[in-house]
$ cat input_9.txt   # compact mmCIF, C-alpha atoms
# COMPACT_ATOMS: atom_id res chain seq x y z
CA MET A 1 115.94 91.59 103.52
CA ASP A 2 116.96 95.24 104.01
CA PHE A 3 114.09 97.12 105.65
CA GLU A 4 115.72 100.55 105.37
CA ASP A 5 114.82 102.99 102.60
CA THR A 6 117.06 102.99 99.55
CA PRO A 7 118.42 106.43 98.58
CA GLU A 8 115.60 106.74 96.01
CA GLU A 9 112.97 105.71 98.55
CA GLY A 10 114.41 108.11 101.12
CA LYS A 11 114.17 110.95 98.60
CA TYR A 12 110.58 110.00 97.81
CA ARG A 13 109.71 109.81 101.50
CA ALA A 14 111.11 113.30 102.07
CA GLN A 15 109.09 114.61 99.11
CA VAL A 16 105.89 112.99 100.38
CA ARG A 17 106.46 114.13 103.98
CA ALA A 18 106.93 117.73 102.85
CA TRP A 19 103.78 117.65 100.70
CA ILE A 20 101.66 116.15 103.48
CA ALA A 21 102.98 118.69 105.99
CA ALA A 22 101.98 121.50 103.65
CA ASN A 23 98.56 120.15 102.66
CA ALA A 24 97.18 117.81 105.34
CA PRO A 25 93.92 118.88 107.02
CA ASP A 26 93.97 120.01 110.62
CA VAL A 27 91.91 117.26 112.22
CA ASP A 28 92.39 118.85 115.65
CA ALA A 29 90.33 121.79 114.43
CA ILE A 30 87.27 119.52 114.32
CA PRO A 31 85.40 119.54 117.66
CA PRO A 32 86.01 116.25 119.58
CA GLY A 33 82.39 115.17 119.27
CA GLU A 34 82.56 115.42 115.46
CA ARG A 35 85.82 113.52 114.88
CA ARG A 36 84.28 110.06 114.67
CA TYR A 37 83.67 108.32 111.38
CA GLY A 38 80.39 109.17 109.73
CA GLU A 39 80.07 112.59 111.36
CA PRO A 40 79.34 115.13 108.59
CA ARG A 41 82.29 117.41 109.34
CA HIS A 42 84.70 114.48 109.64
CA LYS A 43 83.50 113.03 106.34
CA ALA A 44 83.72 116.41 104.59
CA THR A 45 87.32 116.77 105.79
CA ALA A 46 88.12 113.31 104.45
CA ARG A 47 86.56 114.11 101.06
CA ALA A 48 88.56 117.33 100.75
CA TRP A 49 91.79 115.52 101.65
CA GLN A 50 91.09 112.76 99.11
CA ALA A 51 90.45 115.38 96.42
CA ALA A 52 93.73 117.11 97.27
CA LYS A 53 95.60 113.81 97.00
CA ALA A 54 93.98 113.05 93.65
CA ALA A 55 94.89 116.49 92.27
CA ALA A 56 98.52 115.96 93.30
CA GLY A 57 98.67 112.40 91.96
CA TYR A 58 98.76 110.71 95.36
CA ALA A 59 95.29 109.09 95.36
CA CYS A 60 96.33 105.71 93.90
CA ILE A 61 100.07 105.85 93.45
CA ASP A 62 100.66 102.21 92.51
CA TRP A 63 97.74 101.87 90.08
CA PRO A 64 98.73 101.64 86.40
CA GLU A 65 98.42 104.88 84.43
CA ALA A 66 95.74 103.16 82.33
CA TRP A 67 93.66 102.94 85.53
CA GLY A 68 94.23 106.60 86.39
CA GLY A 69 97.11 105.99 88.77
CA LEU A 70 100.72 107.15 88.65
CA GLY A 71 102.17 103.81 87.64
CA GLY A 72 104.29 103.96 90.79
CA THR A 73 105.47 101.06 92.90
CA PRO A 74 103.78 99.40 95.89
CA ILE A 75 106.76 100.61 97.92
CA GLN A 76 105.95 104.21 97.04
CA GLN A 77 102.30 103.67 97.96
CA ALA A 78 103.37 102.15 101.29
CA ILE A 79 105.68 105.09 102.00
CA PHE A 80 102.86 107.56 101.38
CA ASN A 81 100.50 105.54 103.60
CA GLN A 82 103.09 105.46 106.39
CA GLU A 83 103.67 109.21 106.21
CA GLU A 84 99.91 109.85 106.08
CA VAL A 85 99.39 107.85 109.28
CA ARG A 86 102.38 109.55 110.87
CA ALA A 87 100.79 112.95 110.18
CA GLY A 88 97.42 111.88 111.56
CA ALA A 89 95.80 112.39 108.14
CA SER A 90 94.62 108.86 107.40
CA PHE A 91 90.91 108.26 106.73
CA SER A 92 89.23 104.95 105.87
CA TYR A 93 86.11 106.19 104.04
CA PHE A 94 87.62 105.29 100.68
CA MET A 95 89.60 102.19 101.69
CA THR A 96 86.85 99.71 100.78
CA GLY A 97 86.43 101.20 97.34
CA LEU A 98 89.99 102.02 96.35
CA ASN A 99 91.82 99.16 98.08
CA MET A 100 89.32 96.31 97.72
CA LEU A 101 86.48 96.78 95.24
CA LEU A 102 87.61 99.06 92.44
CA PRO A 103 90.77 97.04 91.64
CA ALA A 104 88.43 94.09 91.03
CA LEU A 105 86.13 96.29 88.97
CA LEU A 106 89.08 97.48 86.89
CA GLN A 107 90.15 93.89 86.32
CA PHE A 108 86.78 92.35 85.48
CA ALA A 109 84.46 95.15 84.22
CA ASP A 110 84.43 96.81 80.81
CA LYS A 111 86.33 100.04 80.15
CA GLN A 112 83.20 102.14 79.70
CA THR A 113 82.10 101.20 83.23
CA THR A 114 85.46 101.82 84.86
CA ASP A 115 85.99 105.12 83.04
CA ARG A 116 82.69 106.33 84.49
CA LEU A 117 82.96 104.97 88.04
CA VAL A 118 86.61 105.01 89.04
CA PRO A 119 87.69 108.69 88.68
CA PRO A 120 84.98 110.12 91.00
CA ALA A 121 85.91 107.53 93.64
CA MET A 122 89.58 108.46 93.36
CA ARG A 123 88.66 112.12 93.95
CA GLY A 124 86.60 111.26 97.04
CA GLU A 125 83.33 112.28 95.41
CA GLU A 126 81.77 108.81 95.70
CA ILE A 127 82.03 106.11 98.37
CA TRP A 128 81.68 102.35 97.81
CA CYS A 129 80.50 99.55 100.09
CA GLN A 130 80.76 95.77 99.94
CA LEU A 131 77.55 93.70 99.73
CA PHE A 132 78.74 90.13 100.32
CA SER A 133 77.76 88.89 103.81
CA GLU A 134 74.27 87.54 104.51
CA PRO A 135 72.41 86.51 107.68
CA SER A 136 72.43 82.82 106.69
CA ASN A 137 75.98 82.32 105.45
CA GLY A 138 78.22 83.54 108.30
CA SER A 139 81.82 83.57 107.10
CA ASP A 140 81.02 81.38 104.08
CA ALA A 141 80.60 84.05 101.41
CA ALA A 142 80.08 81.38 98.74
CA ALA A 143 76.82 80.33 100.44
CA ALA A 144 75.07 83.54 99.33
CA ARG A 145 71.30 83.15 98.90
CA CYS A 146 70.55 86.62 97.52
CA ARG A 147 69.29 85.73 94.05
CA ALA A 148 69.51 87.47 90.70
CA VAL A 149 67.14 86.29 87.97
CA ARG A 150 67.59 87.31 84.36
CA ASP A 151 64.67 89.13 82.76
CA GLY A 152 65.51 90.08 79.18
CA GLY A 153 68.37 92.55 79.29
CA ASP A 154 67.96 93.12 83.03
CA TRP A 155 68.53 91.27 86.29
CA VAL A 156 65.99 91.26 89.12
CA ILE A 157 67.61 90.91 92.54
CA ASP A 158 65.98 89.84 95.81
CA GLY A 159 67.63 89.08 99.14
CA GLN A 160 69.33 90.53 102.19
CA LYS A 161 72.88 91.54 103.06
CA VAL A 162 74.23 92.38 106.50
CA TRP A 163 77.25 93.90 108.32
CA ASN A 164 77.81 96.21 105.37
CA SER A 165 80.25 98.92 106.44
CA ALA A 166 79.35 102.46 105.30
CA ALA A 167 76.31 101.31 103.29
CA HIS A 168 74.24 104.09 104.89
CA TYR A 169 76.33 106.78 103.24
CA ALA A 170 77.81 104.87 100.30
CA ASP A 171 76.95 105.87 96.75
CA TYR A 172 77.68 102.48 95.17
CA GLY A 173 77.92 98.85 96.21
CA LEU A 174 79.53 95.71 94.78
CA LEU A 175 77.00 92.91 95.21
CA LEU A 176 77.39 89.12 95.08
CA ALA A 177 74.26 87.21 94.03
CA ARG A 178 73.29 83.66 93.13
CA THR A 179 72.35 83.30 89.49
CA ASP A 180 72.35 79.49 89.15
CA PRO A 181 71.00 77.46 92.09
CA ASP A 182 71.60 74.22 90.16
CA ALA A 183 75.39 74.75 90.14
CA PRO A 184 77.68 74.03 93.13
CA LYS A 185 77.80 76.99 95.46
CA HIS A 186 81.11 78.45 94.23
CA LYS A 187 80.08 78.21 90.56
CA GLY A 188 76.57 79.65 90.61
CA LEU A 189 77.49 83.20 91.67
CA THR A 190 77.71 86.44 89.70
CA MET A 191 78.96 89.87 90.74
CA PHE A 192 77.16 93.16 90.07
CA TRP A 193 77.57 96.84 90.89
CA LEU A 194 74.65 99.08 91.73
CA ARG A 195 73.80 102.53 92.98
CA MET A 196 72.65 102.45 96.60
CA ASP A 197 69.67 104.66 95.74
CA THR A 198 68.33 102.14 93.19
CA PRO A 199 64.60 101.52 93.74
CA GLY A 200 64.08 98.49 95.99
CA VAL A 201 67.31 98.97 97.98
CA GLU A 202 66.68 99.69 101.67
CA VAL A 203 69.54 100.35 104.11
CA ARG A 204 68.99 99.99 107.86
CA PRO A 205 71.88 101.03 110.14
CA ILE A 206 72.78 98.63 112.97
CA HIS A 207 73.33 100.51 116.22
CA GLN A 208 76.45 99.33 118.05
CA MET A 209 77.40 99.38 121.71
CA SER A 210 80.09 101.94 120.82
CA GLY A 211 77.30 104.42 120.10
CA GLY A 212 77.98 104.43 116.38
CA ALA A 213 76.21 102.81 113.46
CA ASP A 214 79.02 101.84 111.11
CA PHE A 215 77.39 98.60 109.93
CA ASN A 216 74.10 98.05 108.17
CA GLU A 217 71.49 95.62 106.95
CA VAL A 218 70.64 95.99 103.27
CA PHE A 219 67.35 94.65 101.92
CA LEU A 220 66.87 94.16 98.17
CA THR A 221 63.31 93.76 96.88
CA ASP A 222 62.68 93.44 93.12
CA VAL A 223 65.79 95.49 92.43
CA ARG A 224 66.11 95.79 88.66
CA ILE A 225 69.48 96.58 87.08
CA PRO A 226 70.72 96.23 83.49
CA ASP A 227 73.14 93.50 82.45
CA SER A 228 75.72 96.23 81.83
CA GLN A 229 76.12 96.38 85.63
CA ARG A 230 77.43 92.83 85.76
CA VAL A 231 81.11 92.49 86.76
CA GLY A 232 82.80 89.58 85.00
CA ASP A 233 81.12 86.61 83.37
CA VAL A 234 77.90 85.01 84.57
CA GLY A 235 78.81 82.30 87.08
CA GLN A 236 82.28 83.73 87.71
CA GLY A 237 81.34 85.80 90.75
CA TRP A 238 83.48 83.75 93.11
CA LYS A 239 86.60 84.62 91.12
CA VAL A 240 85.83 88.33 91.60
CA THR A 241 85.03 87.72 95.28
CA VAL A 242 88.37 86.06 95.98
CA ASN A 243 90.15 89.01 94.39
CA THR A 244 88.37 91.50 96.67
CA LEU A 245 88.75 89.39 99.84
CA MET A 246 92.50 89.03 99.40
CA ASN A 247 92.77 92.80 98.88
CA GLU A 248 90.66 93.32 102.01
CA ARG A 249 92.90 91.19 104.21
CA ALA A 250 96.01 92.85 102.79
CA ALA A 251 94.57 96.26 103.67
CA LEU A 252 93.42 95.24 107.16
CA GLY A 253 96.46 93.10 107.85
CA GLY A 254 98.74 96.11 107.82
CA GLY A 255 97.19 97.37 111.03
CA SER A 256 96.03 100.87 111.84
CA GLY A 257 94.51 102.92 114.61
CA LEU A 258 95.70 102.99 118.22
CA SER A 259 99.04 101.30 118.84
CA TRP A 260 101.48 100.39 121.62
CA ARG A 261 102.95 103.88 121.28
CA ASP A 262 99.61 105.45 122.21
CA ILE A 263 99.16 103.36 125.34
CA GLU A 264 102.82 103.94 126.30
CA ARG A 265 102.22 107.68 126.13
CA VAL A 266 99.09 107.37 128.29
CA ALA A 267 100.78 105.05 130.79
CA ARG A 268 103.69 107.46 131.15
CA ALA A 269 101.32 110.19 132.35
CA THR A 270 98.90 108.00 134.34
CA PRO A 271 99.58 107.54 138.08
CA GLY A 272 99.47 104.00 139.47
CA VAL A 273 99.59 102.88 143.10
CA ASP A 274 102.94 104.47 143.92
CA ARG A 275 104.39 105.44 140.54
CA ALA A 276 103.41 105.98 136.92
CA VAL A 277 101.75 102.97 135.30
CA LEU A 278 104.60 102.79 132.79
CA ARG A 279 107.00 101.88 135.64
CA ASP A 280 104.89 98.89 136.69
CA PRO A 281 106.76 95.63 135.76
CA ALA A 282 103.56 93.77 134.80
CA PHE A 283 102.48 96.57 132.48
CA ARG A 284 105.95 96.80 130.92
CA GLU A 285 105.83 93.08 130.17
CA ARG A 286 102.53 93.50 128.33
CA LEU A 287 103.90 96.54 126.51
CA ALA A 288 106.82 94.42 125.30
CA ASP A 289 104.38 91.80 124.01
CA TRP A 290 102.43 94.46 122.09
CA TYR A 291 105.66 95.78 120.60
CA VAL A 292 106.72 92.31 119.44
CA THR A 293 103.28 91.67 117.89
CA ALA A 294 103.38 95.06 116.15
CA GLU A 295 106.77 94.16 114.67
CA ALA A 296 105.37 90.83 113.46
CA ILE A 297 102.48 92.66 111.78
CA ARG A 298 104.89 95.13 110.20
CA LEU A 299 107.12 92.38 108.82
CA LEU A 300 104.12 90.46 107.49
CA SER A 301 103.00 93.67 105.78
CA LEU A 302 106.44 93.98 104.19
CA ARG A 303 106.14 90.41 102.96
CA THR A 304 102.82 91.28 101.35
CA LEU A 305 104.41 94.40 99.88
CA THR A 306 107.22 92.31 98.41
CA THR A 307 104.66 89.99 96.79
CA LEU A 308 102.79 92.96 95.30
CA SER A 309 106.00 94.57 94.05
CA LYS A 310 106.70 91.39 92.06
CA GLY A 311 103.25 91.43 90.50
CA GLY A 312 101.84 88.73 92.75
CA VAL A 313 98.59 88.44 94.70
CA PRO A 314 98.49 88.84 98.52
CA GLY A 315 98.60 85.42 100.13
CA PRO A 316 97.96 83.86 103.53
CA GLU A 317 100.39 86.24 105.24
CA SER A 318 97.61 88.83 104.97
CA SER A 319 95.37 86.56 107.04
CA ALA A 320 98.05 86.19 109.70
CA GLY A 321 98.55 89.95 109.91
CA LYS A 322 94.85 90.63 110.20
CA LEU A 323 94.45 87.98 112.92
CA LEU A 324 97.27 89.48 114.99
CA TRP A 325 96.12 93.07 114.52
CA SER A 326 92.45 92.63 115.42
CA SER A 327 93.25 90.57 118.53
CA GLN A 328 95.91 93.02 119.73
CA THR A 329 93.62 95.99 119.11
CA GLN A 330 91.03 94.56 121.49
CA ASP A 331 93.58 93.65 124.17
CA LEU A 332 95.41 96.97 123.99
CA SER A 333 92.22 99.05 124.07
CA ASN A 334 90.93 97.10 127.05
CA GLN A 335 94.14 97.69 128.98
CA ALA A 336 94.14 101.39 128.09
CA VAL A 337 90.66 101.76 129.60
CA GLU A 338 91.64 99.69 132.65
CA ILE A 339 94.63 101.85 133.59
CA GLN A 340 92.38 104.94 133.58
CA ASP A 341 90.58 103.41 136.58
CA GLU A 342 87.18 105.02 137.21
CA PHE A 343 87.83 107.58 134.46
CA GLY A 344 87.82 104.70 131.98
CA VAL A 345 84.02 104.71 131.99
CA VAL A 346 83.90 108.31 130.72
CA ASP A 347 83.28 108.15 126.97
CA ASP A 348 82.23 111.73 126.29
CA PRO A 349 84.85 113.00 123.80
CA ALA A 350 84.74 116.45 125.39
CA TYR A 351 85.98 115.10 128.75
CA ALA A 352 87.59 111.70 128.21
CA LEU A 353 91.29 111.14 127.64
CA ASP A 354 92.26 111.47 123.95
CA GLY A 355 88.66 112.27 123.01
CA ALA A 356 87.51 108.85 124.30
CA ALA A 357 89.50 107.17 121.51
CA PHE A 358 90.36 104.15 123.67
CA GLN A 359 86.80 103.69 124.93
CA HIS A 360 85.38 103.89 121.43
CA ARG A 361 87.99 101.49 120.05
CA LEU A 362 87.34 98.96 122.80
CA LEU A 363 83.61 98.89 122.12
CA PHE A 364 84.25 98.69 118.37
CA SER A 365 87.00 96.07 118.56
CA PRO A 366 84.82 92.90 118.65
CA GLY A 367 83.64 93.80 115.14
CA LEU A 368 87.26 93.95 113.95
CA ARG A 369 87.59 90.25 114.79
CA LEU A 370 84.66 89.49 112.48
CA GLY A 371 85.06 91.84 109.51
CA GLY A 372 87.59 90.77 106.89
CA GLY A 373 87.34 87.15 108.06
CA THR A 374 86.62 85.85 111.54
CA ASP A 375 89.44 84.61 113.75
CA GLU A 376 88.34 81.02 113.08
CA ILE A 377 88.34 81.41 109.29
CA LEU A 378 91.77 83.06 109.35
CA ARG A 379 93.18 80.27 111.50
CA ASN A 380 91.81 77.74 109.02
CA ILE A 381 93.54 79.58 106.17
CA ILE A 382 96.84 79.65 108.07
CA ALA A 383 96.52 75.97 109.04
CA GLU A 384 95.76 74.79 105.51
CA ARG A 385 97.77 77.16 103.33
CA VAL A 386 100.79 77.89 105.55
CA LEU A 387 101.18 74.83 107.77
CA GLY A 388 99.85 72.35 105.21
CA LEU A 389 97.39 70.74 107.61
CA PRO A 390 94.43 68.78 106.22
CA GLY A 391 91.49 70.92 105.22
CA ASP A 392 88.06 70.82 106.81
CA VAL A 393 85.67 68.26 105.37
CA ARG A 394 83.38 70.14 102.96
CA LEU A 395 80.40 67.97 102.07
CA ASP A 396 78.65 70.72 100.11
CA LYS A 397 81.50 71.56 97.74
CA ASP A 398 80.24 69.71 94.64
CA VAL A 399 76.53 69.58 95.46
CA PRO A 400 74.02 71.70 93.50
CA PHE A 401 73.32 74.67 95.74
CA ARG A 402 69.56 74.08 95.85
CA ASP A 403 70.28 70.63 97.39
CA VAL A 404 72.53 71.92 100.17
CA PRO A 405 70.81 71.31 103.55
CA THR A 406 69.64 74.52 105.21
CA GLY A 407 69.22 73.22 108.75
CA ARG A 408 65.47 73.76 108.73

$ encode --input "input_9.txt" --output "structure tokens"
Amino acid sequence: MDFEDTPEEGKYRAQVRAWIAANAPDVDAIPPGERRYGEPRHKATARAWQAAKAAAGYACIDWPEAWGGLGGTPIQQAIFNQEEVRAGASFSYFMTGLNMLLPALLQFADKQTTDRLVPPAMRGEEIWCQLFSEPSNGSDAAAARCRAVRDGGDWVIDGQKVWNSAAHYADYGLLLARTDPDAPKHKGLTMFWLRMDTPGVEVRPIHQMSGGADFNEVFLTDVRIPDSQRVGDVGQGWKVTVNTLMNERAALGGGSGLSWRDIERVARATPGVDRAVLRDPAFRERLADWYVTAEAIRLLSLRTLTTLSKGGVPGPESSAGKLLWSSQTQDLSNQAVEIQDEFGVVDDPAYALDGAAFQHRLLFSPGLRLGGGTDEILRNIIAERVLGLPGDVRLDKDVPFRDVPTGR
């Protein structure tokens, strides 16, 4: 496989790079203490940048024109994403909606719904969150206990969701609920969309050791929504879920954030015992390992890109990329803090190295090994779907959900 740009791709990359250089926001103009996700000024900058991309046709390059996209190729979308990261203008506020949830909505919901909900999200006016995980089901999304009961032309929803990224500032959520407890767990689920300010929806931020509150608990009590907010057929919620989860792992598996280049730059300027840390043989060996892993992630991302360019669905390579990226992120961030010695404990963005980016990433990194599939779940996927090893014994697969033991 030739990993270099074709002449057409090179021309497109130059076009994109020039546009980004002329239009990208100046993130450095935001005070260090306001550059973290969720801060009002940071979020406002992201919204303005998303609106600018949408106006220029760069919001969803590879979406079909019928969906409001350009009808471009996944390669063109990847080139834009690469140049956006290169320019330091990449924000993740809209990733959940545009990369994971709205493609499923466009595939399974009616046109009236998508015509109303998708354009504002593309312009950065509305943010979406994912309401799948629950306190009782761990990484088994199909074991959802949040229930939706039909009442005439409405559904009444009761239950709890947890670890919901951005739910505290999201406008909409895509929610998985159990509609038939007498069916096996994968067959009794239905997907819905709802506004996060619907009566009966309560969002409680979860405070993290990083100092942020990126995740949330969401409580649903007698939440009433019309049947028009159902996504797909009744009982076909798992089909929609699989679509979103594969998109999620493809998005996360590409890797983002701090990289081996960032820690190399820091190590070059950080004094060690008798020379710069970068000259230390042990550190250089670890740096080589991070480089090799980063290349593996990049090549896996290209494999996913190839699948998408042929009209396919991201496969288990996305799980492998996500597993490598989340583990490396934690290891690299830890080492970056370690080489700062006593200054590594300083996490005030006004005084810490790089605005305390490494400290914040280290404290956030355990969550990266849970979101988008835990390490254990991803290893199971790789073992079964790549290596062909026998699957785990699943005694509850064909049992009516109400008869599945709860452990009580």

$ residues_around --input "input_9.txt" --residues "Gly212 of chain A" --least-positions-apart "5" --cutoff "9 Å" --atoms "all atoms listed in the file" --output "PyMOL selection string"
chain A and resi 36-38+206-207+360+364

$ closest_residue --input "input_9.txt" --among "A:Glu217, A:Asp398, A:Asp348, A:Glu65" --to "Ser133 of chain A" --atoms "all atoms listed in the file"
A:Glu217

$ residues_around --input "input_9.txt" --residues "Gly69 of chain A" --least-positions-apart "3" --cutoff "10 Å" --atoms "only C-alpha atoms" --output "list in words"
Ala54, Gly57, Tyr58, Ala59, Cys60, Ile61, Asp62, Trp63, Pro64, Glu65, Ala66, Gly72, Pro119 and Met122 of chain A

$ write_last_selection --input "input_9.txt" --atoms "C-alpha atoms" --output "CSV table (one decimal), keeping the file's coordinate frame"
chain,number,residue,atom,x,y,z
A,54,ALA,CA,94.0,113.0,93.6
A,57,GLY,CA,98.7,112.4,92.0
A,58,TYR,CA,98.8,110.7,95.4
A,59,ALA,CA,95.3,109.1,95.4
A,60,CYS,CA,96.3,105.7,93.9
A,61,ILE,CA,100.1,105.8,93.4
A,62,ASP,CA,100.7,102.2,92.5
A,63,TRP,CA,97.7,101.9,90.1
A,64,PRO,CA,98.7,101.6,86.4
A,65,GLU,CA,98.4,104.9,84.4
A,66,ALA,CA,95.7,103.2,82.3
A,72,GLY,CA,104.3,104.0,90.8
A,119,PRO,CA,87.7,108.7,88.7
A,122,MET,CA,89.6,108.5,93.4

$ residues_around --input "input_9.txt" --residues "Lys187 of chain A" --least-positions-apart "5" --cutoff "8 Å" --atoms "all atoms listed in the file" --output "ChimeraX atom specification"
/A:180,235-238

$ atom_distance --input "input_9.txt" --atom1 "atom CA of Val393 of chain A" --atom2 "atom CA of Asn380 of chain A"
11.9 Å

$ closest_atom_pairs --input "input_9.txt" --of "segment 87-181 of chain A" --to "segment 224-230 of chain A" --cutoff "10 Å" --atoms "all atoms listed in the file" --output "CSV"
residue,atom,partner,partner_atom,distance
A:Leu105,CA,A:Arg230,CA,9.9
A:Phe108,CA,A:Arg230,CA,9.4
A:Ala109,CA,A:Arg230,CA,7.6
A:Asp110,CA,A:Ser228,CA,8.8
A:Gln112,CA,A:Ser228,CA,9.8
A:Thr113,CA,A:Gln229,CA,8.0
A:Ala148,CA,A:Arg224,CA,9.2
A:Val149,CA,A:Arg224,CA,9.6
A:Arg150,CA,A:Asp227,CA,8.5
A:Asp151,CA,A:Arg224,CA,9.0
A:Gly152,CA,A:Asp227,CA,9.0
A:Gly153,CA,A:Asp227,CA,5.8
A:Asp154,CA,A:Pro226,CA,4.2
A:Trp155,CA,A:Ile225,CA,5.5
A:Val156,CA,A:Arg224,CA,4.6
A:Ile157,CA,A:Arg224,CA,6.4
A:Asp158,CA,A:Arg224,CA,9.3
A:Leu174,CA,A:Arg230,CA,9.7
A:Leu175,CA,A:Arg230,CA,9.5

$ write_last_selection --input "input_9.txt" --atoms "C-alpha atoms" --output "PDB file, in the coordinates of the input"
ATOM      1  CA  LEU A 105      86.130  96.290  88.970  1.00  0.00           C
ATOM      2  CA  PHE A 108      86.780  92.350  85.480  1.00  0.00           C
ATOM      3  CA  ALA A 109      84.460  95.150  84.220  1.00  0.00           C
ATOM      4  CA  ASP A 110      84.430  96.810  80.810  1.00  0.00           C
ATOM      5  CA  GLN A 112      83.200 102.140  79.700  1.00  0.00           C
ATOM      6  CA  THR A 113      82.100 101.200  83.230  1.00  0.00           C
ATOM      7  CA  ALA A 148      69.510  87.470  90.700  1.00  0.00           C
ATOM      8  CA  VAL A 149      67.140  86.290  87.970  1.00  0.00           C
ATOM      9  CA  ARG A 150      67.590  87.310  84.360  1.00  0.00           C
ATOM     10  CA  ASP A 151      64.670  89.130  82.760  1.00  0.00           C
ATOM     11  CA  GLY A 152      65.510  90.080  79.180  1.00  0.00           C
ATOM     12  CA  GLY A 153      68.370  92.550  79.290  1.00  0.00           C
ATOM     13  CA  ASP A 154      67.960  93.120  83.030  1.00  0.00           C
ATOM     14  CA  TRP A 155      68.530  91.270  86.290  1.00  0.00           C
ATOM     15  CA  VAL A 156      65.990  91.260  89.120  1.00  0.00           C
ATOM     16  CA  ILE A 157      67.610  90.910  92.540  1.00  0.00           C
ATOM     17  CA  ASP A 158      65.980  89.840  95.810  1.00  0.00           C
ATOM     18  CA  LEU A 174      79.530  95.710  94.780  1.00  0.00           C
ATOM     19  CA  LEU A 175      77.000  92.910  95.210  1.00  0.00           C
TER      20      LEU A 175
END

$ atom_distance --input "input_9.txt" --atom1 "atom CA of Thr45 of chain A" --atom2 "atom CA of Gly33 of chain A"
14.4 Å

$ residues_near_point --input "input_9.txt" --point "(93.0, 104.9, 120.9)" --cutoff "7 Å" --atoms "all atoms listed in the file" --output "JSON, numbers by chain"
{"A": [257, 258, 262, 333, 357, 358, 361]}

$ atom_distance --input "input_9.txt" --atom1 "atom CA of Ala78 of chain A" --atom2 "atom CA of Glu9 of chain A"
10.6 Å

$ build_atoms --input "input_9.txt" --residues "segment 31-46 of chain A" --atoms "N, CA and C atoms" --output "short mmCIF file (atom, residue, chain, number, x, y, z; two decimals), in the frame of the given file"
data_model
loop_
_atom_site.label_atom_id
_atom_site.label_comp_id
_atom_site.auth_asym_id
_atom_site.auth_seq_id
_atom_site.Cartn_x
_atom_site.Cartn_y
_atom_site.Cartn_z
N PRO A 31 85.78 119.77 116.26
CA PRO A 31 85.40 119.54 117.66
C PRO A 31 85.44 118.05 117.99
N PRO A 32 85.87 117.67 119.22
CA PRO A 32 86.01 116.25 119.58
C PRO A 32 84.77 115.41 119.27
N GLY A 33 83.61 115.95 119.49
CA GLY A 33 82.39 115.17 119.27
C GLY A 33 82.08 114.92 117.82
N GLU A 34 82.82 115.58 116.89
CA GLU A 34 82.56 115.42 115.46
C GLU A 34 83.71 114.73 114.74
N ARG A 35 84.64 114.13 115.50
CA ARG A 35 85.82 113.52 114.88
C ARG A 35 85.62 112.05 114.55
N ARG A 36 84.49 111.48 114.93
CA ARG A 36 84.28 110.06 114.67
C ARG A 36 83.78 109.85 113.25
N TYR A 37 84.05 108.64 112.75
CA TYR A 37 83.67 108.32 111.38
C TYR A 37 82.17 108.41 111.18
N GLY A 38 81.79 109.01 110.06
CA GLY A 38 80.39 109.17 109.73
C GLY A 38 79.84 110.53 110.10
N GLU A 39 80.51 111.24 111.02
CA GLU A 39 80.07 112.59 111.36
C GLU A 39 80.26 113.49 110.13
N PRO A 40 79.28 114.34 109.82
CA PRO A 40 79.34 115.13 108.59
C PRO A 40 80.64 115.92 108.41
N ARG A 41 81.09 116.58 109.49
CA ARG A 41 82.29 117.41 109.34
C ARG A 41 83.53 116.54 109.13
N HIS A 42 83.59 115.41 109.80
CA HIS A 42 84.70 114.48 109.64
C HIS A 42 84.74 113.94 108.21
N LYS A 43 83.58 113.57 107.70
CA LYS A 43 83.50 113.03 106.34
C LYS A 43 83.85 114.10 105.31
N ALA A 44 83.39 115.33 105.52
CA ALA A 44 83.72 116.41 104.59
C ALA A 44 85.22 116.67 104.55
N THR A 45 85.86 116.59 105.73
CA THR A 45 87.32 116.77 105.79
C THR A 45 88.02 115.67 105.01
N ALA A 46 87.53 114.44 105.16
CA ALA A 46 88.12 113.31 104.45
C ALA A 46 87.96 113.47 102.94
#
